[in-house]
file protein-v5.txt (compact mmCIF, C-alpha atoms)
# COMPACT_ATOMS: atom_id res chain seq x y z
CA MET A 1 -23.77 9.39 -6.85
CA LEU A 2 -21.60 12.26 -5.59
CA SER A 3 -18.89 11.76 -3.00
CA ASP A 4 -20.58 14.19 -0.59
CA GLU A 5 -23.97 12.45 -0.66
CA ILE A 6 -24.79 10.50 2.50
CA PRO A 7 -25.96 6.98 1.59
CA VAL A 8 -28.34 4.70 3.43
CA VAL A 9 -25.99 2.39 5.32
CA GLY A 10 -26.84 -1.17 6.35
CA ASN A 11 -25.04 -4.33 7.41
CA VAL A 12 -24.16 -7.37 5.35
CA GLU A 13 -22.43 -10.71 5.93
CA LEU A 14 -20.45 -12.75 3.45
CA GLU A 15 -19.06 -16.26 3.69
CA VAL A 16 -15.63 -16.35 2.04
CA PRO A 17 -14.65 -20.02 1.54
CA SER A 18 -10.91 -19.46 1.97
CA LEU A 19 -11.22 -17.15 4.98
CA GLY A 20 -14.48 -17.41 6.93
CA LYS A 21 -17.40 -15.09 7.61
CA ILE A 22 -16.95 -11.33 7.30
CA LYS A 23 -19.27 -8.50 8.28
CA GLY A 24 -19.46 -5.51 5.97
CA LEU A 25 -21.46 -2.41 5.12
CA SER A 26 -24.13 -2.02 2.44
CA TYR A 27 -24.81 1.34 0.77
CA ASP A 28 -28.16 2.18 -0.85
CA ASP A 29 -28.44 -1.48 -1.85
CA GLN A 30 -25.90 -0.68 -4.57
CA THR A 31 -22.48 -1.43 -3.11
CA CYS A 32 -20.97 -3.41 -0.24
CA GLN A 33 -17.73 -2.64 1.54
CA TYR A 34 -15.48 -4.91 3.58
CA LEU A 35 -13.04 -2.69 5.43
CA GLY A 36 -9.76 -2.94 7.30
CA ILE A 37 -8.98 -6.51 6.25
CA GLN A 38 -5.50 -7.50 7.37
CA TYR A 39 -3.51 -8.86 4.43
CA ALA A 40 -0.12 -9.24 6.15
CA GLU A 41 1.65 -8.90 9.48
CA VAL A 42 4.63 -6.74 10.45
CA PRO A 43 6.92 -8.97 12.54
CA GLY A 44 9.00 -5.99 13.66
CA ARG A 45 10.44 -2.63 12.66
CA PHE A 46 12.54 -2.90 9.47
CA ARG A 47 11.31 -6.43 8.79
CA ARG A 48 9.73 -7.92 5.69
CA PRO A 49 5.98 -8.58 6.04
CA LYS A 50 4.55 -12.04 6.66
CA PRO A 51 1.19 -13.61 5.75
CA PRO A 52 -1.52 -12.93 8.34
CA ALA A 53 -2.85 -15.36 10.91
CA PRO A 54 -6.24 -17.00 10.20
CA TRP A 55 -9.30 -15.09 11.35
CA LYS A 56 -10.15 -15.71 15.00
CA ASP A 57 -13.05 -18.17 15.19
CA GLY A 58 -13.32 -17.83 11.40
CA CYS A 59 -14.96 -14.39 11.68
CA TYR A 60 -13.89 -10.83 10.81
CA ASP A 61 -15.44 -7.43 11.46
CA GLY A 62 -15.09 -5.55 8.18
CA THR A 63 -17.27 -2.60 9.19
CA LYS A 64 -14.41 -0.37 10.38
CA LEU A 65 -11.38 1.09 8.66
CA GLY A 66 -8.01 -0.22 9.77
CA PRO A 67 -5.05 1.83 11.06
CA TYR A 68 -2.58 3.41 8.67
CA CYS A 69 1.16 4.02 8.89
CA PRO A 70 2.50 6.77 11.20
CA GLN A 71 3.65 9.85 9.28
CA PRO A 72 4.69 13.47 9.85
CA PRO A 73 2.05 16.21 9.48
CA ARG A 74 1.53 17.42 5.91
CA ASP A 75 -0.15 20.81 6.27
CA PHE A 76 1.48 21.86 2.98
CA TYR A 77 -0.38 19.09 1.11
CA PRO A 78 -4.03 19.13 2.18
CA ILE A 79 -6.32 16.58 0.56
CA PRO A 80 -9.92 17.85 0.40
CA ALA A 81 -12.57 15.24 0.97
CA ALA A 82 -16.20 14.96 1.97
CA ALA A 83 -16.91 13.71 5.47
CA ARG A 84 -18.19 10.18 6.03
CA PRO A 85 -20.26 10.45 9.23
CA TRP A 86 -20.95 6.70 9.25
CA LEU A 87 -17.20 5.88 9.34
CA GLU A 88 -14.69 6.89 11.97
CA MET A 89 -11.27 7.71 10.55
CA PRO A 90 -8.75 5.42 12.27
CA GLY A 91 -5.48 6.36 13.90
CA THR A 92 -1.97 5.23 13.03
CA ASP A 93 -0.27 1.99 14.06
CA GLU A 94 3.19 0.97 12.91
CA PHE A 95 2.57 -2.75 13.31
CA ASN A 96 -1.11 -3.06 12.34
CA CYS A 97 -1.30 -0.87 9.25
CA LEU A 98 -1.26 -3.58 6.58
CA ASN A 99 -4.93 -3.71 5.66
CA LEU A 100 -7.15 -3.27 2.63
CA ASN A 101 -10.70 -2.19 1.78
CA ILE A 102 -12.86 -4.03 -0.76
CA SER A 103 -15.82 -2.34 -2.49
CA VAL A 104 -18.17 -4.71 -4.31
CA PRO A 105 -21.17 -3.69 -6.45
CA HIS A 106 -24.43 -5.48 -5.71
CA MET A 107 -25.10 -8.08 -8.39
CA PRO A 108 -28.16 -10.27 -9.03
CA LYS A 109 -27.88 -13.70 -7.43
CA SER A 110 -28.28 -15.14 -10.91
CA ASN A 111 -24.96 -13.55 -11.91
CA LEU A 112 -22.28 -16.24 -11.73
CA GLU A 113 -19.53 -14.38 -13.59
CA LEU A 114 -16.58 -13.19 -11.55
CA LEU A 115 -16.00 -9.44 -11.78
CA PRO A 116 -12.84 -7.61 -12.83
CA VAL A 117 -10.80 -6.10 -10.00
CA MET A 118 -8.96 -2.78 -9.74
CA VAL A 119 -6.37 -2.26 -6.99
CA PHE A 120 -5.36 1.33 -6.19
CA LEU A 121 -1.92 2.17 -4.77
CA HIS A 122 -1.99 5.65 -3.25
CA GLY A 123 0.72 8.27 -3.69
CA GLY A 124 2.27 10.67 -1.21
CA ALA A 125 6.05 10.53 -1.84
CA PHE A 126 6.20 7.16 -0.03
CA ALA A 127 5.89 9.19 3.18
CA TYR A 128 2.31 10.42 3.44
CA ALA A 129 -1.38 9.58 2.95
CA THR A 130 -3.53 6.49 3.38
CA GLY A 131 -5.58 4.29 1.09
CA SER A 132 -8.48 4.78 3.51
CA ALA A 133 -8.76 8.54 2.91
CA PRO A 134 -12.27 9.65 1.86
CA ILE A 135 -10.93 10.92 -1.47
CA TYR A 136 -9.91 7.34 -2.31
CA ASP A 137 -13.20 5.76 -1.24
CA GLY A 138 -13.61 2.80 -3.61
CA ARG A 139 -17.37 2.80 -3.01
CA ILE A 140 -17.77 5.79 -5.33
CA LEU A 141 -15.89 4.21 -8.24
CA ALA A 142 -17.51 0.80 -7.75
CA THR A 143 -21.00 2.33 -7.74
CA THR A 144 -20.30 4.59 -10.72
CA ALA A 145 -18.79 1.78 -12.78
CA ALA A 146 -21.81 -0.47 -12.17
CA THR A 147 -24.62 2.08 -12.54
CA ASP A 148 -23.34 4.71 -14.97
CA ILE A 149 -21.32 2.68 -17.47
CA ALA A 150 -22.62 -0.84 -16.77
CA ARG A 151 -19.12 -2.16 -16.08
CA PRO A 152 -19.40 -3.63 -12.57
CA THR A 153 -15.93 -3.77 -11.03
CA ILE A 154 -14.54 -4.56 -7.59
CA ILE A 155 -12.35 -1.74 -6.23
CA ILE A 156 -9.63 -2.33 -3.63
CA THR A 157 -7.62 0.30 -1.76
CA LEU A 158 -4.87 -0.53 0.69
CA ASN A 159 -2.42 0.76 3.27
CA TYR A 160 1.28 0.00 3.29
CA ARG A 161 4.26 1.17 5.33
CA LEU A 162 5.59 4.64 4.60
CA GLY A 163 8.49 6.89 5.55
CA VAL A 164 11.35 5.34 7.50
CA TYR A 165 9.07 2.46 8.51
CA GLY A 166 8.59 1.48 4.88
CA PHE A 167 11.77 2.53 3.09
CA LEU A 168 14.78 3.35 5.30
CA ALA A 169 17.91 1.33 4.52
CA GLY A 170 21.53 1.17 5.64
CA ARG A 171 24.31 -1.29 6.37
CA ASP A 172 23.18 -1.92 9.95
CA ILE A 173 19.62 -2.59 8.79
CA GLU A 174 20.90 -4.88 6.02
CA ALA A 175 22.83 -6.95 8.57
CA TYR A 176 19.78 -7.00 10.86
CA ASN A 177 17.60 -8.31 8.03
CA LYS A 178 20.19 -10.97 7.21
CA GLU A 179 20.15 -12.13 10.85
CA HIS A 180 16.43 -12.79 10.40
CA GLY A 181 16.92 -14.69 7.15
CA GLU A 182 15.68 -11.82 4.98
CA SER A 183 17.62 -10.81 1.88
CA GLY A 184 17.92 -7.22 0.74
CA VAL A 185 17.19 -4.07 2.72
CA GLY A 186 14.61 -1.28 2.66
CA ASN A 187 11.66 -1.23 0.24
CA TYR A 188 9.43 -2.73 2.93
CA GLY A 189 6.43 -0.78 1.64
CA ILE A 190 6.77 -2.41 -1.78
CA TRP A 191 7.02 -5.84 -0.16
CA ASP A 192 3.84 -4.96 1.76
CA GLN A 193 2.08 -4.22 -1.52
CA THR A 194 3.37 -7.52 -2.93
CA LEU A 195 1.77 -9.49 -0.09
CA ALA A 196 -1.46 -7.55 -0.63
CA LEU A 197 -1.47 -8.59 -4.29
CA GLN A 198 -0.74 -12.20 -3.29
CA TRP A 199 -3.62 -12.06 -0.79
CA ILE A 200 -5.92 -10.76 -3.53
CA GLN A 201 -4.94 -13.57 -5.87
CA LYS A 202 -5.70 -16.11 -3.17
CA HIS A 203 -8.97 -14.74 -1.78
CA ILE A 204 -10.68 -12.26 -4.11
CA SER A 205 -12.80 -14.92 -5.83
CA GLY A 206 -14.61 -15.35 -2.51
CA PHE A 207 -15.74 -11.73 -2.83
CA GLY A 208 -16.88 -12.25 -6.43
CA GLY A 209 -13.68 -11.04 -8.09
CA ASP A 210 -11.71 -12.63 -10.92
CA PRO A 211 -8.03 -13.16 -9.98
CA GLN A 212 -7.26 -13.43 -13.70
CA ARG A 213 -8.55 -9.90 -14.34
CA VAL A 214 -6.74 -7.73 -11.80
CA THR A 215 -5.64 -4.22 -12.76
CA ILE A 216 -3.29 -2.31 -10.48
CA PHE A 217 -3.22 1.47 -10.76
CA GLY A 218 -1.47 4.19 -8.82
CA GLN A 219 -0.70 7.89 -8.87
CA SER A 220 2.66 9.58 -8.16
CA ALA A 221 4.43 7.26 -5.67
CA GLY A 222 1.62 4.82 -6.44
CA GLY A 223 2.65 5.00 -10.10
CA VAL A 224 6.24 4.34 -9.04
CA SER A 225 4.94 1.29 -7.20
CA VAL A 226 3.13 0.02 -10.30
CA SER A 227 6.25 0.36 -12.45
CA CYS A 228 8.24 -1.40 -9.73
CA HIS A 229 5.84 -4.36 -9.70
CA LEU A 230 6.09 -4.58 -13.49
CA LEU A 231 9.88 -4.74 -13.27
CA ARG A 232 9.78 -7.27 -10.42
CA GLY A 233 8.11 -9.67 -12.80
CA GLU A 234 5.77 -11.55 -10.46
CA PRO A 235 2.49 -12.12 -12.38
CA LEU A 236 0.06 -10.95 -9.70
CA PHE A 237 -2.04 -8.81 -12.08
CA SER A 238 -2.90 -8.71 -15.77
CA SER A 239 -3.21 -4.96 -16.43
CA ALA A 240 -1.50 -1.85 -15.09
CA ILE A 241 -2.14 1.90 -15.11
CA ILE A 242 0.70 4.28 -14.20
CA GLN A 243 -0.45 7.81 -13.35
CA SER A 244 2.30 10.45 -13.14
CA GLY A 245 5.03 8.22 -11.84
CA LEU A 246 7.84 5.94 -12.99
CA LEU A 247 10.44 4.05 -11.02
CA ARG A 248 12.82 6.95 -10.38
CA LEU A 249 10.25 9.68 -9.66
CA CYS A 250 10.85 9.47 -5.89
CA GLY A 251 14.50 8.65 -6.37
CA VAL A 252 16.59 5.49 -6.18
CA MET A 253 19.43 5.27 -3.66
CA SER A 254 22.19 2.75 -3.09
CA ILE A 255 22.59 1.15 0.34
CA ASP A 256 25.62 3.36 1.00
CA GLU A 257 23.68 6.49 0.03
CA TYR A 258 20.86 5.45 2.35
CA GLN A 259 23.46 4.88 5.10
CA ILE A 260 23.84 8.67 5.31
CA CYS A 261 20.10 9.06 5.96
CA TYR A 262 20.24 6.23 8.48
CA GLU A 263 23.02 7.94 10.42
CA LYS A 264 21.11 11.24 10.37
CA MET A 265 18.12 9.43 11.85
CA LEU A 266 20.33 7.98 14.59
CA LEU A 267 21.63 11.43 15.51
CA ALA A 268 18.11 12.90 15.46
CA LEU A 269 17.10 10.18 17.91
CA GLY A 270 20.11 10.81 20.15
CA ILE A 271 21.77 7.48 19.31
CA SER A 272 25.56 7.69 19.20
CA LEU A 273 27.35 6.64 16.02
CA ASP A 274 30.20 5.35 18.21
CA LEU A 275 28.09 2.42 19.37
CA THR A 276 28.44 -0.99 17.76
CA PRO A 277 26.10 -1.69 14.81
CA THR A 278 24.19 -4.17 16.96
CA GLU A 279 23.68 -1.65 19.76
CA ARG A 280 22.68 1.10 17.31
CA MET A 281 20.01 -1.13 15.82
CA LYS A 282 18.85 -2.25 19.26
CA GLN A 283 18.24 1.35 20.32
CA PHE A 284 16.67 2.34 16.99
CA ILE A 285 14.22 -0.56 17.09
CA ALA A 286 13.32 0.27 20.68
CA ALA A 287 12.81 3.98 19.94
CA ASP A 288 9.32 5.36 20.55
CA VAL A 289 7.24 5.62 17.37
CA GLU A 290 6.38 9.29 18.01
CA LYS A 291 10.08 10.14 18.32
CA VAL A 292 10.96 8.18 15.18
CA THR A 293 8.23 9.92 13.19
CA ALA A 294 9.37 13.34 14.44
CA ALA A 295 12.99 12.52 13.58
CA MET A 296 12.03 12.18 9.91
CA VAL A 297 11.54 15.96 9.71
CA PRO A 298 15.17 17.06 10.33
CA THR A 299 16.52 14.05 8.41
CA PHE A 300 14.76 14.46 5.07
CA VAL A 301 13.94 17.34 2.73
CA ILE A 302 11.46 19.92 4.04
CA PRO A 303 8.68 20.74 3.46
CA VAL A 304 8.23 17.60 1.36
CA ILE A 305 9.68 14.41 2.79
CA THR A 306 10.33 12.01 -0.08
CA MET A 307 11.43 8.43 0.52
CA SER A 308 13.40 6.68 -2.20
CA LEU A 309 13.56 3.07 -3.27
CA CYS A 310 16.75 1.24 -2.33
CA ASP A 311 18.68 -0.38 -5.17
CA ASP A 312 19.50 -3.47 -3.12
CA GLY A 313 19.63 -5.93 -6.03
CA VAL A 314 16.85 -8.02 -4.48
CA LEU A 315 13.59 -6.14 -4.99
CA ILE A 316 14.45 -5.88 -8.68
CA PRO A 317 17.23 -8.31 -9.67
CA GLY A 318 20.19 -6.38 -11.02
CA PRO A 319 20.53 -2.59 -11.05
CA MET A 320 17.34 -0.56 -11.31
CA PRO A 321 16.99 0.95 -14.80
CA THR A 322 17.86 4.58 -15.43
CA ALA A 323 15.44 6.96 -17.12
CA GLY A 324 17.13 6.38 -20.48
CA GLU A 325 16.93 2.61 -20.13
CA TYR A 326 13.14 2.75 -20.03
CA GLU A 327 13.29 2.96 -23.84
CA GLN A 328 14.41 -0.68 -23.81
CA PHE A 329 11.66 -1.78 -21.41
CA SER A 330 9.32 -4.38 -22.87
CA ILE A 331 5.84 -4.99 -21.55
CA PRO A 332 5.84 -8.47 -19.99
CA GLN A 333 3.75 -11.16 -21.66
CA TRP A 334 1.85 -11.80 -18.44
CA CYS A 335 0.71 -8.14 -18.32
CA PRO A 336 -0.16 -7.19 -21.91
CA ASN A 337 -2.20 -4.11 -20.98
CA VAL A 338 -0.23 -1.13 -19.67
CA MET A 339 -1.44 2.48 -19.71
CA MET A 340 0.57 5.46 -18.50
CA GLY A 341 0.07 9.19 -18.44
CA ASP A 342 1.35 12.42 -16.96
CA CYS A 343 -1.21 15.18 -16.47
CA ARG A 344 -1.25 18.38 -14.44
CA ASN A 345 -4.30 17.35 -12.44
CA GLU A 346 -3.63 13.62 -12.35

call {"tool": "encode", "arguments": {"input": "protein-v5.txt", "output": "structure tokens"}}
result
Amino acid sequence: MLSDEIPVVGNVELEVPSLGKIKGLSYDDQTCQYLGIQYAEVPGRFRRPKPPAPWKDGCYDGTKLGPYCPQPPRDFYPIPAAARPWLEMPGTDEFNCLNLNISVPHMPKSNLELLPVMVFLHGGAFAYATGSAPIYDGRILATTAATDIARPTIIITLNYRLGVYGFLAGRDIEAYNKEHGESGVGNYGIWDQTLALQWIQKHISGFGGDPQRVTIFGQSAGGVSVSCHLLRGEPLFSSAIIQSGLLRLCGVMSIDEYQICYEKMLLALGISLDLTPTERMKQFIAADVEKVTAAMVPTFVIPVITMSLCDDGVLIPGPMPTAGEYEQFSIPQWCPNVMMGDCRNE
């Protein structure tokens, strides 16, 4: 199947023991998709994610894509993709963008074996893109794996917070997080991904997936994410593929270095630096999302806004390794299969 072929689309329902009943889409009787599934909640701007609430009445509509994180325009970085006339591309939503899409190949009812799972973390300099973009449609890979190479695999793509919403840090934000009982600062997009991987471990068997055979893979900033999860050390997957990206590709900044970016954002939003830290945060949190997104442009490098990880000592205990220290990195026992590459067209 080619990505620009229009499939025959139908409806399907699945009972997931740990969640409830979900509606999905069926394509050419080859693949099913369950879209826009919320895997975590955003309790507020610059807050760590929380597990989602149970499905209302035990039911979920997985026939529509979920919102993705607000972001500046990226005319310099167009992503070509075939149209999907059966799916409406969603808008952005700062507080409802933590969702994932599951593509499952049709299997005979006699098949009782759980399938391997691949989870894709999209790139985009931690500032752009969405896991729901047509070019990342997991339906294509799931169908190809099952029909062309007889390796049926469940494919998952996801959205996480980007830009200042996902990665901004600073001393005021650190104090704000501490007030809410949250250690560390920044890196919210990586914590989002972590909750997605925890959700997958808990629920993917209900979709026919094997939680013991989960591979995470990502390109560019997605590759940075994969290397970050390896260094974090939480065994939420058993294999990893890093495509054109290691931990420091998008940069690593200290809290004090990020403080400079934070103050630039305040000025771009018209918030005085002479205010108390509490009042600065109060006004920043209350700022309109369109204004915050627009303020990213004068604050960060143009034309490519790149968000960096914050070396807060919490996301990865101790200082984040330098490029030279990667030579001492050992593959963890819980993830014995790691592949990495760096190609022009990757």

call {"tool": "residues_around", "arguments": {"input": "protein-v5.txt", "residues": "stretch 117-124 of chain A", "least_positions_apart": "6", "cutoff": "6 Å", "atoms": "all atoms listed in the file", "output": "number ranges by chain"}}
result
A: 131, 153-157, 214-222

call {"tool": "closest_residue", "arguments": {"input": "protein-v5.txt", "among": "A:Glu113, A:Asp342, A:Glu5, A:Asp29", "to": "A:Gly208", "atoms": "only C-alpha atoms"}}
result
A:Glu113

call {"tool": "axis_aligned_box", "arguments": {"input": "protein-v5.txt", "around": "stretch 57-71 of chain A", "padding_each_side": "3 Å", "output": "AutoDock Vina command-line options"}}
result
--center_x -6.8 --center_y -4.2 --center_z 11.7 --size_x 26.9 --size_y 34.0 --size_z 13.0

call {"tool": "atom_distance", "arguments": {"input": "protein-v5.txt", "atom1": "atom CA of A:Tyr160", "atom2": "atom CA of A:Lys50"}}
result
12.9 Å

call {"tool": "closest_residue", "arguments": {"input": "protein-v5.txt", "among": "A:Ser272, A:Tyr176, A:Ser308, A:Tyr165", "to": "A:Ser225", "atoms": "only C-alpha atoms"}}
result
A:Ser308

call {"tool": "closest_atom_pairs", "arguments": {"input": "protein-v5.txt", "of": "stretch 140-245 of chain A", "to": "stretch 63-70 of chain A", "cutoff": "7 Å", "atoms": "only C-alpha atoms", "output": "tab-separated table"}}
result
residue	atom	partner	partner_atom	distance
A:Asn159	CA	A:Tyr68	CA	6.0
A:Tyr160	CA	A:Cys69	CA	6.9
A:Arg161	CA	A:Cys69	CA	5.5
A:Leu162	CA	A:Cys69	CA	6.2

call {"tool": "residues_around", "arguments": {"input": "protein-v5.txt", "residues": "A:Pro277", "least_positions_apart": "3", "cutoff": "9 Å", "atoms": "all atoms listed in the file", "output": "list of chain:residue names"}}
result
A:Arg171, A:Asp172, A:Ile173, A:Ala175, A:Leu273, A:Asp274, A:Arg280, A:Met281, A:Lys282

call {"tool": "write_last_selection", "arguments": {"input": "protein-v5.txt", "atoms": "C-alpha atoms", "output": "short mmCIF file (atom, residue, chain, number, x, y, z; two decimals), in the coordinates of the input"}}
result
data_model
loop_
_atom_site.label_atom_id
_atom_site.label_comp_id
_atom_site.auth_asym_id
_atom_site.auth_seq_id
_atom_site.Cartn_x
_atom_site.Cartn_y
_atom_site.Cartn_z
CA ARG A 171 24.31 -1.29 6.37
CA ASP A 172 23.18 -1.92 9.95
CA ILE A 173 19.62 -2.59 8.79
CA ALA A 175 22.83 -6.95 8.57
CA LEU A 273 27.35 6.64 16.02
CA ASP A 274 30.20 5.35 18.21
CA ARG A 280 22.68 1.10 17.31
CA MET A 281 20.01 -1.13 15.82
CA LYS A 282 18.85 -2.25 19.26
#

call {"tool": "residues_around", "arguments": {"input": "protein-v5.txt", "residues": "A:Tyr34", "least_positions_apart": "6", "cutoff": "6 Å", "atoms": "all atoms listed in the file", "output": "list in words"}}
result
Gly24, Gly62, Asn101 and Ile102 of chain A

call {"tool": "residues_around", "arguments": {"input": "protein-v5.txt", "residues": "stretch 312-323 of chain A", "least_positions_apart": "3", "cutoff": "12 Å", "atoms": "all atoms listed in the file", "output": "number ranges by chain"}}
result
A: 48, 167-171, 173-174, 182-192, 194, 225, 227-234, 245-249, 251-258, 308-309, 326-329

call {"tool": "closest_residue", "arguments": {"input": "protein-v5.txt", "among": "A:Gln198, A:Gln30, A:Ala146, A:Gly58", "to": "A:Glu15", "atoms": "only C-alpha atoms"}}
result
A:Gly58

call {"tool": "closest_residue", "arguments": {"input": "protein-v5.txt", "among": "A:Val164, A:Leu275, A:Ile200, A:Leu267", "to": "A:Cys310", "atoms": "all atoms listed in the file"}}
result
A:Val164

call {"tool": "closest_residue", "arguments": {"input": "protein-v5.txt", "among": "A:Gln33, A:Gln212, A:Thr276, A:Asn111", "to": "A:Leu87", "atoms": "only C-alpha atoms"}}
result
A:Gln33

call {"tool": "residues_around", "arguments": {"input": "protein-v5.txt", "residues": "A:Leu114", "least_positions_apart": "3", "cutoff": "9 Å", "atoms": "all atoms listed in the file", "output": "PyMOL selection string"}}
result
chain A and resi 111+205+207-211

call {"tool": "atom_distance", "arguments": {"input": "protein-v5.txt", "atom1": "atom CA of A:Gly36", "atom2": "atom CA of A:Lys23"}}
result
11.1 Å

call {"tool": "closest_residue", "arguments": {"input": "protein-v5.txt", "among": "A:Gln71, A:Gln201, A:Asn96, A:Ser132", "to": "A:Ser238", "atoms": "all atoms listed in the file"}}
result
A:Gln201

call {"tool": "atom_distance", "arguments": {"input": "protein-v5.txt", "atom1": "atom CA of A:Tyr60", "atom2": "atom CA of A:Lys21"}}
result
6.4 Å

call {"tool": "residues_near_point", "arguments": {"input": "protein-v5.txt", "point": "(-24.8, -0.3, 2.6)", "cutoff": "10 Å", "atoms": "all atoms listed in the file", "output": "PDB file with C-alpha atoms, in the frame of the given file"}}
result
ATOM      1  CA  PRO A   7     -25.960   6.980   1.590  1.00  0.00           C
ATOM      2  CA  VAL A   8     -28.340   4.700   3.430  1.00  0.00           C
ATOM      3  CA  VAL A   9     -25.990   2.390   5.320  1.00  0.00           C
ATOM      4  CA  GLY A  10     -26.840  -1.170   6.350  1.00  0.00           C
ATOM      5  CA  ASN A  11     -25.040  -4.330   7.410  1.00  0.00           C
ATOM      6  CA  VAL A  12     -24.160  -7.370   5.350  1.00  0.00           C
ATOM      7  CA  GLY A  24     -19.460  -5.510   5.970  1.00  0.00           C
ATOM      8  CA  LEU A  25     -21.460  -2.410   5.120  1.00  0.00           C
ATOM      9  CA  SER A  26     -24.130  -2.020   2.440  1.00  0.00           C
ATOM     10  CA  TYR A  27     -24.810   1.340   0.770  1.00  0.00           C
ATOM     11  CA  ASP A  28     -28.160   2.180  -0.850  1.00  0.00           C
ATOM     12  CA  ASP A  29     -28.440  -1.480  -1.850  1.00  0.00           C
ATOM     13  CA  GLN A  30     -25.900  -0.680  -4.570  1.00  0.00           C
ATOM     14  CA  THR A  31     -22.480  -1.430  -3.110  1.00  0.00           C
ATOM     15  CA  CYS A  32     -20.970  -3.410  -0.240  1.00  0.00           C
ATOM     16  CA  GLN A  33     -17.730  -2.640   1.540  1.00  0.00           C
ATOM     17  CA  HIS A 106     -24.430  -5.480  -5.710  1.00  0.00           C
ATOM     18  CA  ARG A 139     -17.370   2.800  -3.010  1.00  0.00           C
TER      19      ARG A 139
END
